[in-house]
Amino acid sequence: PYNDFLVIPGAEIKTDRGDLIGLYIKHPIRSRRFETVLEEIADQGGVSYVPHPLRTFKAAFPEIHREFPNIDAWEVLNGRYDAADAADATRIFADLAIRNSLSGSDAHLPWDFGTVFTLLSARPDSPAALRQALALGTVGVRIPRNEFGLAAGILCGRVTRLIKERQYGKAAASVVEVPLRVLRHAGRRIRGS
C-alpha cells in the first residue's frame, strides 16, 4: 500500500575474501569464491556491492578496488564505523576518487535502523537506474550515535558471529567482559575530566 517504499531483492554472501552483496538478484548465489560470486551477480543482471570494505580489506582496500573495477558499488559509510572509521573512509574514498558509493546502517538491532543511509538522485527501481544514480554521485548520511548504542550493536554482532562459528566459550566471555569494559571506560572518563 506504500507507493514510496521500494524493496530491492538481494543477498549478502560471505566469500573467501569477505562479504559481498548482490542487489536485484533473482536466484541464490551458489559460489563462495569472491570472483565467482561477482560473475554470478553479473550473470543475473544484478548489482554488486561491497559492504564495509575498510573493515574487510583493511590496508589492502586500495589494491582490491583497483583489482576489481567491475564492482558496481562500494560502501563508504557503515553503521558499525565509529567516528574515526567514518572519517578515514570518507578520506580514502575521496583519495581514490570513488563515486560509485553507497552507505548503509548494517542494522543488526532495532536501534541501528536508519543510522546510516544513502541519498540518491532518483528512485533506483531497476539495476540500470541504480547504476545511473551511482554514476551521478551519492550522498552518504551518518546520524551521530551515542557510544552505548554503537558498542551494543558491535557486541551483539560479535556474539552472533561467535555463536554461528560455534565458539560458545568466546561468546560467553564477550558478554561477561561487558561490565569490566564499562568500568574501564568510566575510569578513563573520570581521569580525563
# chains A, B, ... in the order shown; residues from 1 in each chain; ligands from 1
>>> residues_around(residues="Asp88 in chain A", least_positions_apart="5", cutoff="9 Å", atoms="only C-alpha atoms", output="NGL selection string")
:A and (54 or 83 or 93)
>>> select_by_dssp(residues="chain A", states="helix (DSSP H, G or I)", output="PyMOL selection string")
chain A and resi 34-43+53-67+83-95+110-112+127-136+147-164+168-176+178-192
>>> select_by_dssp(residues="chain A", states="strand (DSSP E or B)", output="VMD selection string")
chain A and resid 10 to 14 19 to 23 47 to 50 73 to 78 101 to 104 116 to 119 139 to 142
>>> residues_around(residues="Thr160 in chain A", least_positions_apart="4", cutoff="12 Å", atoms="only C-alpha atoms", output="ChimeraX atom specification")
/A:108-109,153-156,164-168,170-172,174-175
>>> closest_residue(among="A:Ile163, A:Leu119, A:Ala152, A:Ile21", to="Leu136 in chain A", atoms="only C-alpha atoms")
A:Leu119
>>> residues_around(residues="Arg145 in chain A", least_positions_apart="5", cutoff="12 Å", atoms="only C-alpha atoms", output="VMD selection string")
chain A and resid 79 to 83 105 111 to 116 150 to 153
>>> write_last_selection(atoms="N, CA, C and O atoms", output="PDB file, in the first residue's frame")
ATOM      1  N   GLY A  79      27.200   1.561   9.388  1.00  0.00           N
ATOM      2  CA  GLY A  79      26.679   1.800  10.724  1.00  0.00           C
ATOM      3  C   GLY A  79      27.547   1.261  11.838  1.00  0.00           C
ATOM      4  O   GLY A  79      27.386   1.633  12.995  1.00  0.00           O
ATOM      5  N   ARG A  80      28.481   0.397  11.526  1.00  0.00           N
ATOM      6  CA  ARG A  80      29.390  -0.160  12.535  1.00  0.00           C
ATOM      7  C   ARG A  80      30.687   0.644  12.641  1.00  0.00           C
ATOM      8  O   ARG A  80      31.533   0.335  13.455  1.00  0.00           O
ATOM      9  N   TYR A  81      30.853   1.660  11.794  1.00  0.00           N
ATOM     10  CA  TYR A  81      32.043   2.503  11.881  1.00  0.00           C
ATOM     11  C   TYR A  81      31.869   3.514  13.012  1.00  0.00           C
ATOM     12  O   TYR A  81      30.810   4.125  13.149  1.00  0.00           O
ATOM     13  N   ASP A  82      32.926   3.708  13.791  1.00  0.00           N
ATOM     14  CA  ASP A  82      32.894   4.801  14.758  1.00  0.00           C
ATOM     15  C   ASP A  82      33.280   6.080  14.010  1.00  0.00           C
ATOM     16  O   ASP A  82      33.516   6.062  12.793  1.00  0.00           O
ATOM     17  N   ALA A  83      33.366   7.199  14.704  1.00  0.00           N
ATOM     18  CA  ALA A  83      33.622   8.487  14.051  1.00  0.00           C
ATOM     19  C   ALA A  83      34.960   8.481  13.303  1.00  0.00           C
ATOM     20  O   ALA A  83      35.067   9.009  12.187  1.00  0.00           O
ATOM     21  N   SER A 105      23.235   1.189   7.124  1.00  0.00           N
ATOM     22  CA  SER A 105      23.236   1.097   8.587  1.00  0.00           C
ATOM     23  C   SER A 105      23.800  -0.218   9.102  1.00  0.00           C
ATOM     24  O   SER A 105      24.197  -0.299  10.252  1.00  0.00           O
ATOM     25  N   TRP A 111      17.668  -0.397  17.099  1.00  0.00           N
ATOM     26  CA  TRP A 111      18.144   0.979  17.177  1.00  0.00           C
ATOM     27  C   TRP A 111      19.208   1.293  16.120  1.00  0.00           C
ATOM     28  O   TRP A 111      19.649   2.420  15.986  1.00  0.00           O
ATOM     29  N   ASP A 112      19.617   0.287  15.341  1.00  0.00           N
ATOM     30  CA  ASP A 112      20.570   0.519  14.258  1.00  0.00           C
ATOM     31  C   ASP A 112      19.896   1.032  12.982  1.00  0.00           C
ATOM     32  O   ASP A 112      20.541   1.660  12.150  1.00  0.00           O
ATOM     33  N   PHE A 113      18.603   0.750  12.791  1.00  0.00           N
ATOM     34  CA  PHE A 113      17.927   1.099  11.549  1.00  0.00           C
ATOM     35  C   PHE A 113      17.967   2.603  11.308  1.00  0.00           C
ATOM     36  O   PHE A 113      17.670   3.395  12.184  1.00  0.00           O
ATOM     37  N   GLY A 114      18.355   2.966  10.104  1.00  0.00           N
ATOM     38  CA  GLY A 114      18.320   4.362   9.695  1.00  0.00           C
ATOM     39  C   GLY A 114      19.428   5.228  10.256  1.00  0.00           C
ATOM     40  O   GLY A 114      19.399   6.441  10.086  1.00  0.00           O
ATOM     41  N   THR A 115      20.427   4.649  10.903  1.00  0.00           N
ATOM     42  CA  THR A 115      21.518   5.463  11.450  1.00  0.00           C
ATOM     43  C   THR A 115      22.481   5.914  10.362  1.00  0.00           C
ATOM     44  O   THR A 115      23.167   6.915  10.505  1.00  0.00           O
ATOM     45  N   VAL A 116      22.549   5.140   9.277  1.00  0.00           N
ATOM     46  CA  VAL A 116      23.361   5.493   8.115  1.00  0.00           C
ATOM     47  C   VAL A 116      22.535   5.139   6.887  1.00  0.00           C
ATOM     48  O   VAL A 116      21.925   4.074   6.827  1.00  0.00           O
ATOM     49  N   LEU A 150      26.259   2.204  19.674  1.00  0.00           N
ATOM     50  CA  LEU A 150      27.232   1.629  18.755  1.00  0.00           C
ATOM     51  C   LEU A 150      27.911   0.414  19.372  1.00  0.00           C
ATOM     52  O   LEU A 150      28.021  -0.644  18.748  1.00  0.00           O
ATOM     53  N   ALA A 151      28.354   0.549  20.620  1.00  0.00           N
ATOM     54  CA  ALA A 151      29.044  -0.561  21.292  1.00  0.00           C
ATOM     55  C   ALA A 151      28.130  -1.769  21.457  1.00  0.00           C
ATOM     56  O   ALA A 151      28.554  -2.910  21.276  1.00  0.00           O
ATOM     57  N   ALA A 152      26.870  -1.534  21.785  1.00  0.00           N
ATOM     58  CA  ALA A 152      25.925  -2.647  21.967  1.00  0.00           C
ATOM     59  C   ALA A 152      25.705  -3.379  20.648  1.00  0.00           C
ATOM     60  O   ALA A 152      25.665  -4.615  20.605  1.00  0.00           O
ATOM     61  N   GLY A 153      25.595  -2.632  19.567  1.00  0.00           N
ATOM     62  CA  GLY A 153      25.416  -3.265  18.260  1.00  0.00           C
ATOM     63  C   GLY A 153      26.625  -4.078  17.850  1.00  0.00           C
ATOM     64  O   GLY A 153      26.504  -5.191  17.336  1.00  0.00           O
TER      65      GLY A 153
END
>>> residues_around(residues="Asn78 in chain A", least_positions_apart="3", cutoff="8 Å", atoms="only C-alpha atoms", output="list in words")
Pro51, His52, Glu75, Tyr81, Ala86, Ser103, Gly104, Ser105, Asp106 and Val116 of chain A
>>> write_last_selection(atoms="N, CA and C atoms", output="PDB file, in the first residue's frame")
ATOM      1  N   PRO A  51      30.145  -4.298   1.083  1.00  0.00           N
ATOM      2  CA  PRO A  51      29.904  -3.594   2.341  1.00  0.00           C
ATOM      3  C   PRO A  51      31.191  -3.490   3.169  1.00  0.00           C
ATOM      4  N   HIS A  52      31.266  -2.464   3.979  1.00  0.00           N
ATOM      5  CA  HIS A  52      32.373  -2.203   4.920  1.00  0.00           C
ATOM      6  C   HIS A  52      33.744  -2.643   4.404  1.00  0.00           C
ATOM      7  N   GLU A  75      30.798   0.498  -0.246  1.00  0.00           N
ATOM      8  CA  GLU A  75      30.177   1.178   0.895  1.00  0.00           C
ATOM      9  C   GLU A  75      31.169   2.131   1.554  1.00  0.00           C
ATOM     10  N   TYR A  81      30.853   1.660  11.794  1.00  0.00           N
ATOM     11  CA  TYR A  81      32.043   2.503  11.881  1.00  0.00           C
ATOM     12  C   TYR A  81      31.869   3.514  13.012  1.00  0.00           C
ATOM     13  N   ALA A  86      34.645   6.430  10.101  1.00  0.00           N
ATOM     14  CA  ALA A  86      33.848   7.157   9.107  1.00  0.00           C
ATOM     15  C   ALA A  86      34.690   8.247   8.447  1.00  0.00           C
ATOM     16  N   SER A 103      25.946   3.940   1.266  1.00  0.00           N
ATOM     17  CA  SER A 103      26.125   3.946   2.715  1.00  0.00           C
ATOM     18  C   SER A 103      24.963   3.183   3.331  1.00  0.00           C
ATOM     19  N   GLY A 104      25.255   2.394   4.375  1.00  0.00           N
ATOM     20  CA  GLY A 104      24.197   1.583   4.970  1.00  0.00           C
ATOM     21  C   GLY A 104      24.361   1.419   6.460  1.00  0.00           C
ATOM     22  N   SER A 105      23.235   1.189   7.124  1.00  0.00           N
ATOM     23  CA  SER A 105      23.236   1.097   8.587  1.00  0.00           C
ATOM     24  C   SER A 105      23.800  -0.218   9.102  1.00  0.00           C
ATOM     25  N   ASP A 106      23.851  -1.263   8.273  1.00  0.00           N
ATOM     26  CA  ASP A 106      24.318  -2.579   8.715  1.00  0.00           C
ATOM     27  C   ASP A 106      23.561  -2.967   9.992  1.00  0.00           C
ATOM     28  N   VAL A 116      22.549   5.140   9.277  1.00  0.00           N
ATOM     29  CA  VAL A 116      23.361   5.493   8.115  1.00  0.00           C
ATOM     30  C   VAL A 116      22.535   5.139   6.887  1.00  0.00           C
TER      31      VAL A 116
END
>>> residues_around(residues="range 127-132 of chain A", least_positions_apart="5", cutoff="7 Å", atoms="only C-alpha atoms", output="MDAnalysis selection string")
chainID A and resid 24 46:47
>>> closest_residue(among="A:Ala97, A:Ile41, A:Ile143, A:Ala89", to="Arg66 in chain A", atoms="only C-alpha atoms")
A:Ala97
>>> residues_around(residues="Arg30 in chain A", least_positions_apart="5", cutoff="10 Å", atoms="only C-alpha atoms", output="JSON, numbers by chain")
{"A": [13, 36, 37, 40]}
